[in-house]
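What follows is the content of protein-v1.cif, which has mmCIF, C-alpha atoms and all ligand atoms:
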data_entry
#
loop_
_atom_site.label_atom_id
_atom_site.label_comp_id
_atom_site.auth_asym_id
_atom_site.auth_seq_id
_atom_site.Cartn_x
_atom_site.Cartn_y
_atom_site.Cartn_z
CA MET R 587 -11.64 -7.72 -10.46
CA LYS R 588 -10.30 -11.04 -11.71
CA GLU R 589 -12.53 -14.08 -11.27
CA TYR R 590 -9.78 -16.63 -12.03
CA PHE R 591 -6.02 -16.72 -12.43
CA THR R 592 -4.15 -18.82 -14.97
CA LEU R 593 -0.98 -20.66 -14.04
CA ALA R 594 0.99 -18.19 -16.18
CA GLU R 595 -0.40 -15.25 -14.17
CA ILE R 596 0.34 -16.97 -10.86
CA ASP R 597 3.89 -17.61 -12.04
CA GLU R 598 4.23 -13.96 -13.06
CA VAL R 599 3.61 -13.09 -9.41
CA VAL R 600 6.05 -15.78 -8.28
CA GLN R 601 8.73 -14.26 -10.51
CA ALA R 602 8.07 -10.75 -9.18
CA ILE R 603 8.63 -12.02 -5.63
CA ARG R 604 11.72 -14.06 -6.56
CA ASN R 605 13.22 -10.92 -8.10
CA ASN R 606 12.96 -9.20 -4.71
CA THR R 607 14.20 -11.80 -2.26
CA LYS R 608 17.15 -14.10 -1.84
CA TYR R 609 15.10 -16.57 0.21
CA LYS R 610 13.35 -19.78 -0.79
CA PRO R 611 10.59 -20.00 1.84
CA LYS R 612 9.29 -23.35 3.08
CA VAL R 613 6.73 -22.07 5.59
CA GLY R 614 3.97 -19.55 4.88
CA LEU R 615 2.45 -17.43 7.60
CA ILE R 616 -0.74 -15.41 7.22
CA LEU R 617 -1.32 -12.89 9.98
CA GLY R 618 -4.86 -11.80 10.80
CA SER R 619 -6.35 -8.58 12.19
CA GLY R 620 -4.19 -7.05 14.91
CA LEU R 621 -1.71 -9.95 14.71
CA GLY R 622 0.75 -8.47 12.20
CA ASP R 623 3.38 -7.69 14.85
CA LEU R 624 4.26 -11.37 14.90
CA ALA R 625 6.34 -10.66 11.78
CA ASN R 626 8.56 -8.26 13.74
CA SER R 627 10.62 -11.16 15.10
CA ILE R 628 11.71 -12.30 11.63
CA GLU R 629 15.47 -12.05 11.21
CA ASP R 630 17.26 -10.38 8.31
CA PRO R 631 13.97 -9.72 6.52
CA ASP R 632 13.24 -8.78 2.93
CA PHE R 633 10.12 -6.59 2.74
CA ILE R 634 7.93 -6.49 -0.35
CA SER R 635 5.00 -4.08 -0.32
CA TYR R 636 1.78 -5.56 -1.70
CA LYS R 637 1.55 -2.47 -3.91
CA ASN R 638 4.61 -3.67 -5.83
CA ILE R 639 3.34 -7.18 -6.58
CA PRO R 640 1.19 -7.70 -9.69
CA TYR R 641 -2.45 -8.79 -9.12
CA TRP R 642 -1.85 -8.90 -5.34
CA PRO R 643 -4.87 -7.88 -3.22
CA THR R 644 -4.18 -5.12 -0.70
CA SER R 645 -6.15 -4.90 2.51
CA THR R 646 -7.97 -1.68 3.18
CA VAL R 647 -8.66 -2.65 6.79
CA HIS R 648 -7.06 -0.95 9.78
CA GLY R 649 -4.75 -3.46 11.50
CA HIS R 650 -3.42 -4.94 8.24
CA THR R 651 -0.02 -3.53 7.19
CA GLY R 652 0.13 -4.80 3.62
CA GLN R 653 3.57 -6.27 3.00
CA LEU R 654 5.37 -9.55 2.68
CA VAL R 655 8.11 -10.18 5.21
CA ILE R 656 10.46 -12.93 4.09
CA GLY R 657 13.31 -14.15 6.26
CA LYS R 658 14.39 -16.49 9.03
CA LEU R 659 12.51 -17.48 12.15
CA GLU R 660 13.79 -20.26 14.42
CA GLY R 661 16.02 -21.52 11.61
CA GLN R 662 13.14 -21.83 9.12
CA THR R 663 12.73 -19.71 6.01
CA VAL R 664 9.32 -18.09 6.22
CA ILE R 665 7.20 -15.91 3.99
CA THR R 666 4.79 -13.85 6.04
CA MET R 667 1.75 -11.91 4.98
CA GLN R 668 1.55 -8.93 7.29
CA GLY R 669 -2.10 -8.32 6.56
CA ARG R 670 -4.49 -10.13 4.27
CA ALA R 671 -7.34 -9.19 1.97
CA HIS R 672 -10.91 -10.27 2.65
CA TYR R 673 -13.81 -11.15 0.42
CA TYR R 674 -15.92 -8.38 1.98
CA GLU R 675 -13.45 -5.77 0.68
CA GLY R 676 -14.72 -6.54 -2.81
CA TYR R 677 -12.04 -8.94 -4.02
CA SER R 678 -12.94 -12.13 -5.83
CA MET R 679 -12.24 -15.43 -4.11
CA ALA R 680 -9.43 -15.99 -6.62
CA GLU R 681 -7.84 -12.70 -5.57
CA VAL R 682 -8.25 -13.37 -1.85
CA THR R 683 -6.51 -16.73 -2.23
CA LEU R 684 -3.89 -15.78 -4.85
CA PRO R 685 -1.18 -15.46 -2.17
CA VAL R 686 -1.60 -19.12 -1.22
CA ARG R 687 -1.29 -20.24 -4.86
CA VAL R 688 1.87 -18.15 -5.10
CA MET R 689 3.31 -19.55 -1.87
CA GLN R 690 2.84 -23.08 -3.15
CA ARG R 691 4.66 -22.25 -6.42
CA LEU R 692 7.45 -20.64 -4.37
CA GLY R 693 8.00 -23.98 -2.63
CA VAL R 694 6.07 -23.51 0.60
CA GLU R 695 5.03 -26.81 2.20
CA ILE R 696 3.44 -25.69 5.46
CA LEU R 697 0.93 -22.88 5.92
CA ILE R 698 0.26 -21.38 9.33
CA VAL R 699 -2.84 -19.24 9.10
CA THR R 700 -4.05 -16.99 11.89
CA ASN R 701 -7.14 -14.88 12.37
CA ALA R 702 -9.03 -12.85 14.91
CA ALA R 703 -12.32 -14.52 15.75
CA GLY R 704 -15.39 -14.07 17.88
CA ALA R 705 -16.07 -16.69 20.55
CA ILE R 706 -19.29 -18.60 20.11
CA ASN R 707 -18.26 -21.29 22.59
CA PRO R 708 -19.20 -19.82 26.00
CA GLU R 709 -16.00 -21.17 27.60
CA TYR R 710 -13.78 -18.90 25.48
CA VAL R 711 -12.79 -15.38 26.53
CA PRO R 712 -10.91 -12.64 24.65
CA GLY R 713 -7.19 -13.39 24.58
CA ASP R 714 -7.73 -17.15 24.33
CA VAL R 715 -6.10 -19.15 21.56
CA MET R 716 -8.11 -21.72 19.61
CA PHE R 717 -6.49 -24.17 17.24
CA LEU R 718 -8.72 -25.05 14.32
CA SER R 719 -9.59 -28.75 14.43
CA ASP R 720 -12.01 -28.29 11.54
CA HIS R 721 -14.04 -25.60 9.84
CA ILE R 722 -17.51 -24.91 8.55
CA ALA R 723 -17.02 -23.38 5.11
CA MET R 724 -20.23 -21.38 5.27
CA ILE R 725 -18.95 -18.83 2.77
CA ALA R 726 -17.91 -21.56 0.33
CA MET R 727 -20.72 -24.05 0.66
CA THR R 728 -23.30 -21.63 -0.64
CA GLY R 729 -21.45 -21.05 -3.92
CA ASN R 730 -18.44 -18.85 -3.19
CA ASN R 731 -15.93 -21.66 -3.15
CA PRO R 732 -12.45 -20.36 -4.11
CA LEU R 733 -12.04 -23.39 -6.38
CA ARG R 734 -15.02 -22.41 -8.52
CA GLY R 735 -13.88 -22.01 -12.12
CA PRO R 736 -11.45 -23.93 -14.31
CA ASN R 737 -9.48 -26.44 -12.23
CA LEU R 738 -5.74 -25.88 -12.26
CA ASP R 739 -4.61 -29.51 -12.53
CA GLU R 740 -1.01 -28.52 -11.75
CA PHE R 741 -2.16 -27.78 -8.18
CA GLY R 742 -4.66 -30.52 -7.44
CA PRO R 743 -7.81 -32.41 -8.39
CA ARG R 744 -11.20 -31.00 -9.37
CA PHE R 745 -12.82 -32.43 -6.23
CA PRO R 746 -10.30 -32.21 -3.40
CA ASP R 747 -10.84 -33.95 -0.08
CA MET R 748 -11.32 -31.79 3.02
CA SER R 749 -11.62 -34.54 5.62
CA GLN R 750 -8.36 -33.47 7.26
CA ALA R 751 -8.00 -29.82 6.37
CA TYR R 752 -5.90 -29.19 9.50
CA ASP R 753 -2.79 -31.30 9.93
CA ARG R 754 -3.10 -33.49 13.01
CA VAL R 755 0.64 -33.74 13.59
CA LEU R 756 1.13 -29.95 13.47
CA LEU R 757 -1.91 -29.48 15.70
CA GLU R 758 -0.60 -31.90 18.35
CA LYS R 759 2.85 -30.31 18.31
CA ALA R 760 1.36 -26.82 18.64
CA ARG R 761 -0.84 -27.90 21.55
CA LYS R 762 2.14 -29.42 23.38
CA ILE R 763 4.20 -26.27 22.86
CA ALA R 764 1.35 -24.17 24.27
CA ASP R 765 1.01 -26.51 27.28
CA ASN R 766 4.76 -26.40 27.94
CA ASN R 767 4.56 -22.60 27.99
CA ASN R 768 1.56 -22.58 30.33
CA LEU R 769 -0.70 -21.19 27.63
CA ASN R 770 -4.27 -22.29 27.90
CA THR R 771 -5.58 -23.19 24.43
CA PHE R 772 -8.64 -24.82 22.93
CA SER R 773 -9.24 -26.84 19.79
CA GLY R 774 -12.46 -26.09 17.99
CA VAL R 775 -14.45 -25.47 14.85
CA TYR R 776 -14.15 -22.15 13.01
CA VAL R 777 -16.97 -20.93 10.83
CA SER R 778 -16.19 -18.46 8.05
CA LEU R 779 -18.71 -15.88 6.97
CA SER R 780 -18.28 -13.10 4.46
CA GLY R 781 -18.85 -10.15 6.81
CA PRO R 782 -18.30 -7.22 7.10
CA SER R 783 -21.31 -6.82 9.39
CA PHE R 784 -20.94 -8.71 12.64
CA GLU R 785 -23.50 -11.39 13.37
CA SER R 786 -26.93 -10.81 14.81
CA PRO R 787 -27.79 -12.70 18.01
CA ALA R 788 -30.00 -15.05 15.95
CA ASP R 789 -27.11 -15.63 13.47
CA LEU R 790 -24.92 -16.58 16.42
CA ARG R 791 -27.44 -18.95 17.98
CA PHE R 792 -27.71 -20.64 14.57
CA LEU R 793 -23.91 -20.91 14.28
CA ARG R 794 -23.72 -22.39 17.77
CA ALA R 795 -26.42 -24.92 16.89
CA ILE R 796 -24.51 -26.12 13.82
CA GLY R 797 -21.36 -26.76 15.85
CA ALA R 798 -19.18 -23.67 15.51
CA ASP R 799 -16.90 -22.58 18.38
CA ALA R 800 -15.50 -19.42 16.80
CA VAL R 801 -16.59 -17.14 13.98
CA GLY R 802 -14.64 -14.97 11.57
CA MET R 803 -14.45 -13.48 8.09
CA SER R 804 -11.37 -15.16 6.63
CA THR R 805 -9.10 -18.21 6.66
CA VAL R 806 -11.30 -20.92 5.17
CA PRO R 807 -10.88 -19.77 1.53
CA GLU R 808 -7.10 -19.79 1.98
CA VAL R 809 -7.21 -23.21 3.66
CA ILE R 810 -9.30 -24.74 0.85
CA ILE R 811 -6.77 -23.49 -1.70
CA ALA R 812 -3.85 -24.69 0.42
CA ARG R 813 -5.35 -28.16 0.79
CA HIS R 814 -6.12 -28.33 -2.94
CA SER R 815 -2.38 -28.40 -3.55
CA GLY R 816 -1.52 -30.55 -0.53
CA LEU R 817 0.01 -27.94 1.78
CA ARG R 818 -0.02 -28.95 5.45
CA VAL R 819 -2.06 -26.41 7.39
CA LEU R 820 -2.13 -25.21 10.98
CA GLY R 821 -4.98 -22.80 11.75
CA ILE R 822 -4.99 -20.57 14.82
CA SER R 823 -7.75 -18.23 15.97
CA GLY R 824 -6.98 -15.48 18.42
CA ILE R 825 -10.23 -14.92 20.29
CA SER R 826 -10.84 -11.20 20.22
CA ASN R 827 -14.37 -10.87 21.54
CA LYS R 828 -17.25 -12.82 22.93
CA ALA R 829 -19.93 -13.25 20.33
CA ASN R 830 -23.12 -11.88 21.67
CA LEU R 831 -25.74 -14.61 21.54
CA ASP R 832 -28.30 -12.76 23.65
CA GLY R 833 -27.91 -9.28 22.15
CA THR R 834 -26.76 -7.53 25.35
CA THR R 835 -23.36 -6.21 24.20
CA ILE R 836 -21.95 -4.79 21.00
CA THR R 837 -18.90 -5.91 19.00
CA THR R 838 -16.41 -3.42 17.52
CA HIS R 839 -13.30 -3.64 15.34
CA ASP R 840 -11.36 -1.71 18.04
CA GLU R 841 -12.06 -4.54 20.45
CA VAL R 842 -10.64 -6.97 17.89
CA LEU R 843 -7.44 -4.91 17.55
CA GLU R 844 -7.11 -4.49 21.32
CA ALA R 845 -7.19 -8.25 21.89
CA GLY R 846 -4.41 -8.57 19.31
CA LYS R 847 -1.99 -6.95 21.78
CA VAL R 848 -2.48 -9.81 24.27
CA LEU R 849 -2.57 -12.42 21.54
CA VAL R 850 0.60 -11.51 19.62
CA PRO R 851 3.04 -12.69 22.35
CA ARG R 852 1.04 -15.90 22.82
CA LEU R 853 0.92 -16.68 19.11
CA THR R 854 4.58 -15.75 18.75
CA THR R 855 5.51 -18.30 21.42
CA ILE R 856 3.48 -21.01 19.70
CA VAL R 857 4.67 -20.24 16.17
CA ARG R 858 8.34 -19.97 17.21
CA GLY R 859 8.07 -23.20 19.17
CA LEU R 860 6.53 -25.00 16.25
CA LEU R 861 9.08 -23.68 13.75
CA SER R 862 11.92 -24.86 15.94
CA GLU R 863 10.49 -28.40 15.86
CA ILE R 864 9.66 -28.91 12.19
N1 LIG R 901 -17.55 -12.08 14.21
C1 LIG R 901 -17.01 -12.20 12.98
N2 LIG R 901 -15.74 -11.96 12.72
C2 LIG R 901 -14.95 -11.59 13.74
C3 LIG R 901 -15.45 -11.44 15.04
C4 LIG R 901 -16.83 -11.69 15.29
O1 LIG R 901 -17.33 -11.58 16.43
N3 LIG R 901 -14.40 -11.07 15.82
C5 LIG R 901 -13.32 -10.99 15.01
N4 LIG R 901 -13.64 -11.31 13.74
#
Target format structure tokens, applied to this file:
Amino acid sequence: MKEYFTLAEIDEVVQAIRNNTKYKPKVGLILGSGLGDLANSIEDPDFISYKNIPYWPTSTVHGHTGQLVIGKLEGQTVITMQGRAHYYEGYSMAEVTLPVRVMQRLGVEILIVTNAAGAINPEYVPGDVMFLSDHIAMIAMTGNNPLRGPNLDEFGPRFPDMSQAYDRVLLEKARKIADNNNLNTFSGVYVSLSGPSFESPADLRFLRAIGADAVGMSTVPEVIIARHSGLRVLGISGISNKANLDGTTITTHDEVLEAGKVLVPRLTTIVRGLLSEI
């Protein structure tokens, strides 16, 4: 396991990807659990298996394919992660977020990051879409911040601002696109935990009390790294299950994957709409 990457190592990965694609992507797309099928609409794609990229973390989780899909979508050149690695799989924070460092060096300016999340807000039901208006970096604030370690000044400052982690212009555009397509969406606060165990009812009541609307095991580390180097970020949670604040139902990974089937067409509409407007 590598705790930190140097710029030279990051650029080694960049070179390996450049050697396998003709494209120069401007938009990065990270697809969460059960949401990988969104990459199927990419035109004239180059595929690069994670196994063939140096240092690249591969997901061991069912519902994560494990390849880059690089190509055209709505006239934009996109690099898509069909599956992502998580901290709970045993990777370091540097490894989990390496793909975002690499995207930035490849020339990506906008990152669209998706995840499957549990609904803490009682108004949300499985299949709903929540745009991230902000996050609670629970996993990072207790010490596991992906920026821990030597600062890479080429990317950004030692103490980066997080007051506007999610780009307001992208968020407004995405909301309008959803409205125009009769998709009911919410904007809310995502809290990231390490997982892999789901939350206890007392965990969930605590998370509700501190202002979280949805809970998941990813996204925030990638967003912190993206913001460190000034990428504009849109975050989207696909609500896969109701978090169980009173302990009366159980949560399963199958439920998360099942909700993905309803969510993929909705997220595809939003992402395509957004790409056609930027
Ligand atoms: N909790 C944490 N992570 C999740 C959940 C959940 O209920 N659903 C999907 N990812």
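Picture a line from CA of Phe772 in chain R to CA of Thr838 in chain R; it runs 23.4 Å.
Here CA of Gly846 in chain R and CA of Val801 in chain R stand 15.8 Å from one another.
What separates CA of Ala798 in chain R from CA of Phe741 in chain R is a distance of 29.5 Å.
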Need to verify the contact set: Ile725 in chain R, 10 Å, all atoms listed in the file, exclusion of same-chain residues closer than 3 positions in sequence. Can you return it as a ChimeraX atom specification? /R:673,722,728-732,777-781,803-804,806-807
With C-alpha atoms kept, could you save the residues just selected as a PDB file, in the frame of the given file?
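Wrote it out as part.pdb, contents follow:
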ATOM      1  CA  TYR R 673     -13.810 -11.150   0.420  1.00  0.00           C
ATOM      2  CA  ILE R 722     -17.510 -24.910   8.550  1.00  0.00           C
ATOM      3  CA  THR R 728     -23.300 -21.630  -0.640  1.00  0.00           C
ATOM      4  CA  GLY R 729     -21.450 -21.050  -3.920  1.00  0.00           C
ATOM      5  CA  ASN R 730     -18.440 -18.850  -3.190  1.00  0.00           C
ATOM      6  CA  ASN R 731     -15.930 -21.660  -3.150  1.00  0.00           C
ATOM      7  CA  PRO R 732     -12.450 -20.360  -4.110  1.00  0.00           C
ATOM      8  CA  VAL R 777     -16.970 -20.930  10.830  1.00  0.00           C
ATOM      9  CA  SER R 778     -16.190 -18.460   8.050  1.00  0.00           C
ATOM     10  CA  LEU R 779     -18.710 -15.880   6.970  1.00  0.00           C
ATOM     11  CA  SER R 780     -18.280 -13.100   4.460  1.00  0.00           C
ATOM     12  CA  GLY R 781     -18.850 -10.150   6.810  1.00  0.00           C
ATOM     13  CA  MET R 803     -14.450 -13.480   8.090  1.00  0.00           C
ATOM     14  CA  SER R 804     -11.370 -15.160   6.630  1.00  0.00           C
ATOM     15  CA  VAL R 806     -11.300 -20.920   5.170  1.00  0.00           C
ATOM     16  CA  PRO R 807     -10.880 -19.770   1.530  1.00  0.00           C
TER      17      PRO R 807
END
Taking all atoms of ligand LIG 901 (chain R) that the file lists, what box with edges along x, y and z, padded by 8 Å per side, do you get, with centre and edge lengths in Å to one decimal, as lines of an AutoDock Vina configuration file?
center_x = -15.4
center_y = -11.6
center_z = 14.6
size_x = 20.2
size_y = 17.2
size_z = 19.7
Select from chain R every residue with an atom at most 7 Å from any atom of ligand LIG 901 (chain R), then for each give the shortest pair of atoms and their distance in Å to one decimal, using all atoms listed in the file, rows by chain and rising number, as a tab-separated table.
residue	atom	partner	partner_atom	distance
R:Ala702	CA	R:LIG901	C5	4.7
R:Ala703	CA	R:LIG901	C5	3.7
R:Gly704	CA	R:LIG901	O1	3.5
R:Ala705	CA	R:LIG901	O1	6.7
R:Gly781	CA	R:LIG901	C1	6.8
R:Phe784	CA	R:LIG901	N1	5.0
R:Glu785	CA	R:LIG901	N1	6.0
R:Val801	CA	R:LIG901	C1	5.1
R:Gly802	CA	R:LIG901	N2	3.4
R:Met803	CA	R:LIG901	N2	5.0
R:Ser826	CA	R:LIG901	N3	5.7
R:Asn827	CA	R:LIG901	N3	5.7
R:Lys828	CA	R:LIG901	O1	6.6
R:Ala829	CA	R:LIG901	O1	5.0
R:Thr837	CA	R:LIG901	O1	6.4
R:Val842	CA	R:LIG901	C5	5.6
